[in-house]
file work39.cif (mmCIF, C-alpha atoms)
data_data
#
loop_
_atom_site.label_atom_id
_atom_site.label_comp_id
_atom_site.auth_asym_id
_atom_site.auth_seq_id
_atom_site.Cartn_x
_atom_site.Cartn_y
_atom_site.Cartn_z
CA PHE A 564 0.00 0.00 0.00
CA GLY A 565 1.57 3.27 -1.00
CA PRO A 566 3.50 5.33 -1.69
CA PRO A 567 2.46 7.82 1.00
CA GLU A 568 2.53 10.79 -1.37
CA TYR A 569 -0.35 9.17 -3.35
CA ARG A 570 -2.22 7.11 -0.76
CA ALA A 571 -2.97 7.63 2.94
CA TRP A 572 -2.76 4.48 5.04
CA GLU A 573 -4.89 6.17 7.71
CA ASP A 574 -7.73 6.53 5.19
CA ALA A 575 -7.47 2.88 4.17
CA MET A 576 -7.54 1.78 7.82
CA ASN A 577 -10.41 4.07 8.77
CA TYR A 578 -12.60 3.48 5.74
CA GLY A 579 -11.94 -0.17 4.89
CA TYR A 580 -10.25 -0.40 1.52
CA VAL A 581 -6.99 -0.89 -0.33
CA SER A 582 -6.26 0.98 -3.53
CA ALA A 583 -3.89 1.48 -6.42
CA GLY A 584 -3.71 3.68 -9.49
CA GLY A 585 -1.59 5.94 -11.60
CA GLY A 586 -1.16 3.30 -14.29
CA SER A 587 -2.63 -0.05 -15.20
CA TRP A 588 0.57 -1.82 -14.08
CA TYR A 589 -0.33 -0.79 -10.52
CA SER A 590 -4.10 -1.21 -10.60
CA GLN A 591 -4.70 -4.24 -12.84
CA THR A 592 -3.62 -6.79 -10.24
CA LEU A 593 -6.41 -5.61 -7.92
CA LYS A 594 -8.65 -7.68 -10.22
CA LEU A 595 -7.01 -10.81 -8.75
CA LEU A 596 -8.86 -10.17 -5.49
CA SER A 597 -12.29 -11.70 -4.83
CA PRO A 598 -14.72 -11.43 -1.92
CA GLY A 599 -13.57 -13.72 0.88
CA ASP A 600 -9.87 -13.53 0.04
CA ARG A 601 -7.53 -12.83 2.95
CA ILE A 602 -4.89 -10.21 2.20
CA TRP A 603 -1.76 -9.17 4.05
CA VAL A 604 -0.96 -5.52 3.39
CA LYS A 605 2.58 -4.19 3.14
CA ILE A 606 3.79 -0.62 2.79
CA PRO A 607 7.02 -0.49 0.76
CA LYS A 608 10.09 0.35 2.83
CA SER A 609 8.03 0.07 6.06
CA GLY A 610 6.58 -3.42 6.42
CA TYR A 611 3.30 -5.23 6.92
CA VAL A 612 0.54 -3.10 8.41
CA GLY A 613 -2.62 -5.18 8.26
CA VAL A 614 -4.62 -8.25 7.43
CA ALA A 615 -8.10 -8.11 5.95
CA LEU A 616 -10.85 -10.00 4.20
CA VAL A 617 -11.90 -8.71 0.79
CA THR A 618 -15.61 -7.83 0.84
CA ASP A 619 -16.21 -6.81 -2.78
CA ASN A 620 -14.59 -6.63 -6.21
CA VAL A 621 -12.39 -3.78 -7.43
CA ILE A 622 -14.19 -0.54 -8.37
CA PRO A 623 -13.09 2.95 -9.38
CA ILE A 624 -12.47 4.90 -6.17
CA ARG A 625 -14.93 7.54 -7.39
CA ASP A 626 -17.64 4.87 -6.90
CA LEU A 627 -16.47 3.76 -3.45
CA ARG A 628 -18.73 4.63 -0.53
CA VAL A 629 -17.36 4.50 3.01
CA LYS A 630 -18.82 4.53 6.50
CA THR A 631 -18.21 7.64 8.61
CA ALA A 632 -19.60 9.02 11.86
CA LYS A 633 -22.10 10.93 9.68
CA GLY A 634 -23.17 7.81 7.78
CA GLU A 635 -22.15 6.41 4.43
CA VAL A 636 -20.56 8.93 2.06
CA PRO A 637 -18.57 8.87 -1.18
CA ALA A 638 -14.92 8.15 -0.44
CA LEU A 639 -13.92 11.20 -2.47
CA ASP A 640 -15.72 13.36 0.11
CA VAL A 641 -13.37 12.27 2.91
CA VAL A 642 -10.04 10.82 1.72
CA LYS A 643 -6.83 12.83 1.80
CA TYR A 644 -5.93 12.60 -1.89
CA ALA A 645 -9.47 13.01 -3.25
CA GLU A 646 -8.55 15.96 -5.47
CA ASP A 647 -5.77 13.99 -7.16
CA TYR A 648 -8.12 11.03 -7.65
CA ARG A 649 -10.80 13.27 -9.15
CA LYS A 650 -8.33 14.67 -11.69
CA ARG A 651 -7.58 11.14 -12.98
CA ALA A 652 -11.07 9.63 -12.53
CA ASP A 653 -12.09 9.78 -16.19
CA ASP A 654 -8.93 8.10 -17.50
CA PRO A 655 -9.26 4.32 -17.03
CA GLU A 656 -5.49 3.95 -17.43
CA THR A 657 -4.47 6.27 -14.58
CA ALA A 658 -7.58 6.32 -12.36
CA GLU A 659 -7.42 5.15 -8.75
CA TYR A 660 -9.18 1.85 -8.04
CA ALA A 661 -10.26 0.47 -4.68
CA VAL A 662 -11.09 -2.89 -3.17
CA PRO A 663 -13.38 -2.79 -0.12
CA VAL A 664 -12.09 -4.84 2.82
CA GLU A 665 -13.00 -5.70 6.38
CA TRP A 666 -9.91 -5.20 8.48
CA LEU A 667 -9.16 -8.05 10.87
CA GLN A 668 -6.22 -6.17 12.40
CA THR A 669 -4.13 -3.14 11.46
CA VAL A 670 -1.24 -1.15 12.88
CA PRO A 671 -0.09 2.41 12.14
CA GLU A 672 2.72 2.63 9.62
CA ALA A 673 5.12 3.56 12.44
CA ASN A 674 4.49 0.07 13.87
CA ALA A 675 4.82 -1.83 10.59
CA VAL A 676 6.13 -5.37 10.93
CA TRP A 677 9.29 -6.36 9.07
CA GLU A 678 11.95 -8.98 9.65
CA THR A 679 14.95 -9.95 7.59
CA GLY A 680 13.86 -12.77 5.31
CA PHE A 681 10.27 -11.58 4.86
CA PHE A 682 8.69 -11.84 1.43
CA GLY A 683 8.51 -8.65 -0.60
CA ASN A 684 7.27 -7.96 -4.12
CA GLN A 685 6.78 -4.85 -6.29
CA ASN A 686 3.35 -5.91 -7.58
CA THR A 687 0.30 -4.35 -5.97
CA VAL A 688 -1.25 -7.81 -5.56
CA CYS A 689 0.57 -11.10 -5.85
CA GLN A 690 -0.25 -14.70 -5.04
CA PRO A 691 3.11 -16.06 -3.90
CA THR A 692 3.80 -19.74 -3.47
CA THR A 693 7.45 -19.62 -2.40
CA PRO A 694 8.73 -21.04 0.90
CA LYS A 695 9.74 -17.47 1.78
CA TRP A 696 6.06 -16.46 1.62
CA ARG A 697 4.99 -19.39 3.85
CA HIS A 698 7.64 -18.32 6.37
CA THR A 699 6.44 -14.70 6.18
CA VAL A 700 2.79 -15.64 6.78
CA GLU A 701 3.64 -17.87 9.73
CA ARG A 702 5.63 -15.04 11.32
CA LEU A 703 2.92 -12.44 10.53
CA LYS A 704 0.37 -14.59 12.35
CA THR A 705 2.39 -14.07 15.53
CA TYR A 706 2.15 -10.27 15.16
CA PHE A 707 -1.39 -10.08 13.80
CA THR A 708 -3.08 -12.47 16.21
CA HIS A 709 -6.58 -11.67 14.89
CA TRP A 710 -5.66 -12.84 11.37
CA ASN A 711 -8.20 -15.68 11.50
CA ARG A 712 -11.25 -13.84 12.81
CA SER A 713 -14.29 -13.80 10.62
CA ALA A 714 -15.24 -10.42 9.18
CA GLU A 715 -18.44 -10.27 11.23
CA LYS A 716 -16.45 -10.43 14.46
CA ALA A 717 -13.75 -7.98 13.37
#
call {"tool": "encode", "arguments": {"input": "work39.cif", "output": "structure tokens"}}
result
Amino acid sequence: FGPPEYRAWEDAMNYGYVSAGGGSWYSQTLKLLSPGDRIWVKIPKSGYVGVALVTDNVIPIRDLRVKTAKGEVPALDVVKYAEDYRKRADDPETAEYAVPVEWLQTVPEANAVWETGFFGNQNTVCQPTTPKWRHTVERLKTYFTHWNRSAEKA
């Protein structure tokens, strides 16, 4: 999730989504996610910051609605980089796309989890099968102890 000059982790945590954009190379892999998938979220150069269950398919962020203290509102009414997202909204190549999630557990970026030997990848979404990934997940489960909760209990 990132970089921080284009995406605010606090927004993603507070409003229940992950996103990518600025080019199809970044956003196209969001289509790999389906409702019910468990995702582990990493911020480049920081570490892993959350685990979630995907609740819906990818949509343009301009169509995303989020829950706030005032009720459900368009995401572009409340997220930090809304103006940048609006400027690119009509270009399918560079638009920002979002995947709604139900967070099982998150940490602020300052508390991101990283150990030498953890799996890392430049793709926005990947489905790794390497032993390094299995090791990473097993270690992440010790930090994110609510990784296995159901979304309804999160």
call {"tool": "atom_distance", "arguments": {"input": "work39.cif", "atom1": "atom CA of A:Val614", "atom2": "atom CA of A:His709"}}
result
8.4 Å
call {"tool": "closest_residue", "arguments": {"input": "work39.cif", "among": "A:Lys594, A:Pro655, A:Leu627, A:Lys605", "to": "A:Phe681", "atoms": "only C-alpha atoms"}}
result
A:Lys605
call {"tool": "closest_residue", "arguments": {"input": "work39.cif", "among": "A:Thr657, A:Ser587, A:Ser609, A:Thr705", "to": "A:Ala675", "atoms": "only C-alpha atoms"}}
result
A:Ser609
call {"tool": "residues_around", "arguments": {"input": "work39.cif", "residues": "A:Trp603", "least_positions_apart": "6", "cutoff": "10 Å", "atoms": "only C-alpha atoms", "output": "PyMOL selection string"}}
result
chain A and resi 611-616+668-669+688+700+703+707+710
call {"tool": "closest_residue", "arguments": {"input": "work39.cif", "among": "A:Ala571, A:Ala583, A:Val621, A:Gly565", "to": "A:Val664", "atoms": "all atoms listed in the file"}}
result
A:Val621
call {"tool": "residues_around", "arguments": {"input": "work39.cif", "residues": "A:Gly610", "least_positions_apart": "2", "cutoff": "9 Å", "atoms": "all atoms listed in the file", "output": "list of chain:residue names"}}
result
A:Val604, A:Lys605, A:Ile606, A:Pro607, A:Lys608, A:Val612, A:Glu672, A:Asn674, A:Ala675, A:Val676, A:Trp677, A:Glu678, A:Gly683
call {"tool": "closest_residue", "arguments": {"input": "work39.cif", "among": "A:Tyr706, A:Ser713, A:Ala652, A:Val662", "to": "A:Phe564", "atoms": "all atoms listed in the file"}}
result
A:Val662
call {"tool": "closest_residue", "arguments": {"input": "work39.cif", "among": "A:Arg651, A:Glu635, A:Leu595, A:Ile624", "to": "A:Thr687", "atoms": "all atoms listed in the file"}}
result
A:Leu595
call {"tool": "atom_distance", "arguments": {"input": "work39.cif", "atom1": "atom CA of A:Asp640", "atom2": "atom CA of A:Pro671"}}
result
22.6 Å
call {"tool": "residues_around", "arguments": {"input": "work39.cif", "residues": "A:Gly584", "least_positions_apart": "4", "cutoff": "6 Å", "atoms": "all atoms listed in the file", "output": "list in words"}}
result
Tyr589, Ser590, Thr657, Ala658, Glu659 and Tyr660 of chain A
call {"tool": "atom_distance", "arguments": {"input": "work39.cif", "atom1": "atom CA of A:Pro694", "atom2": "atom CA of A:Ala661"}}
result
29.2 Å
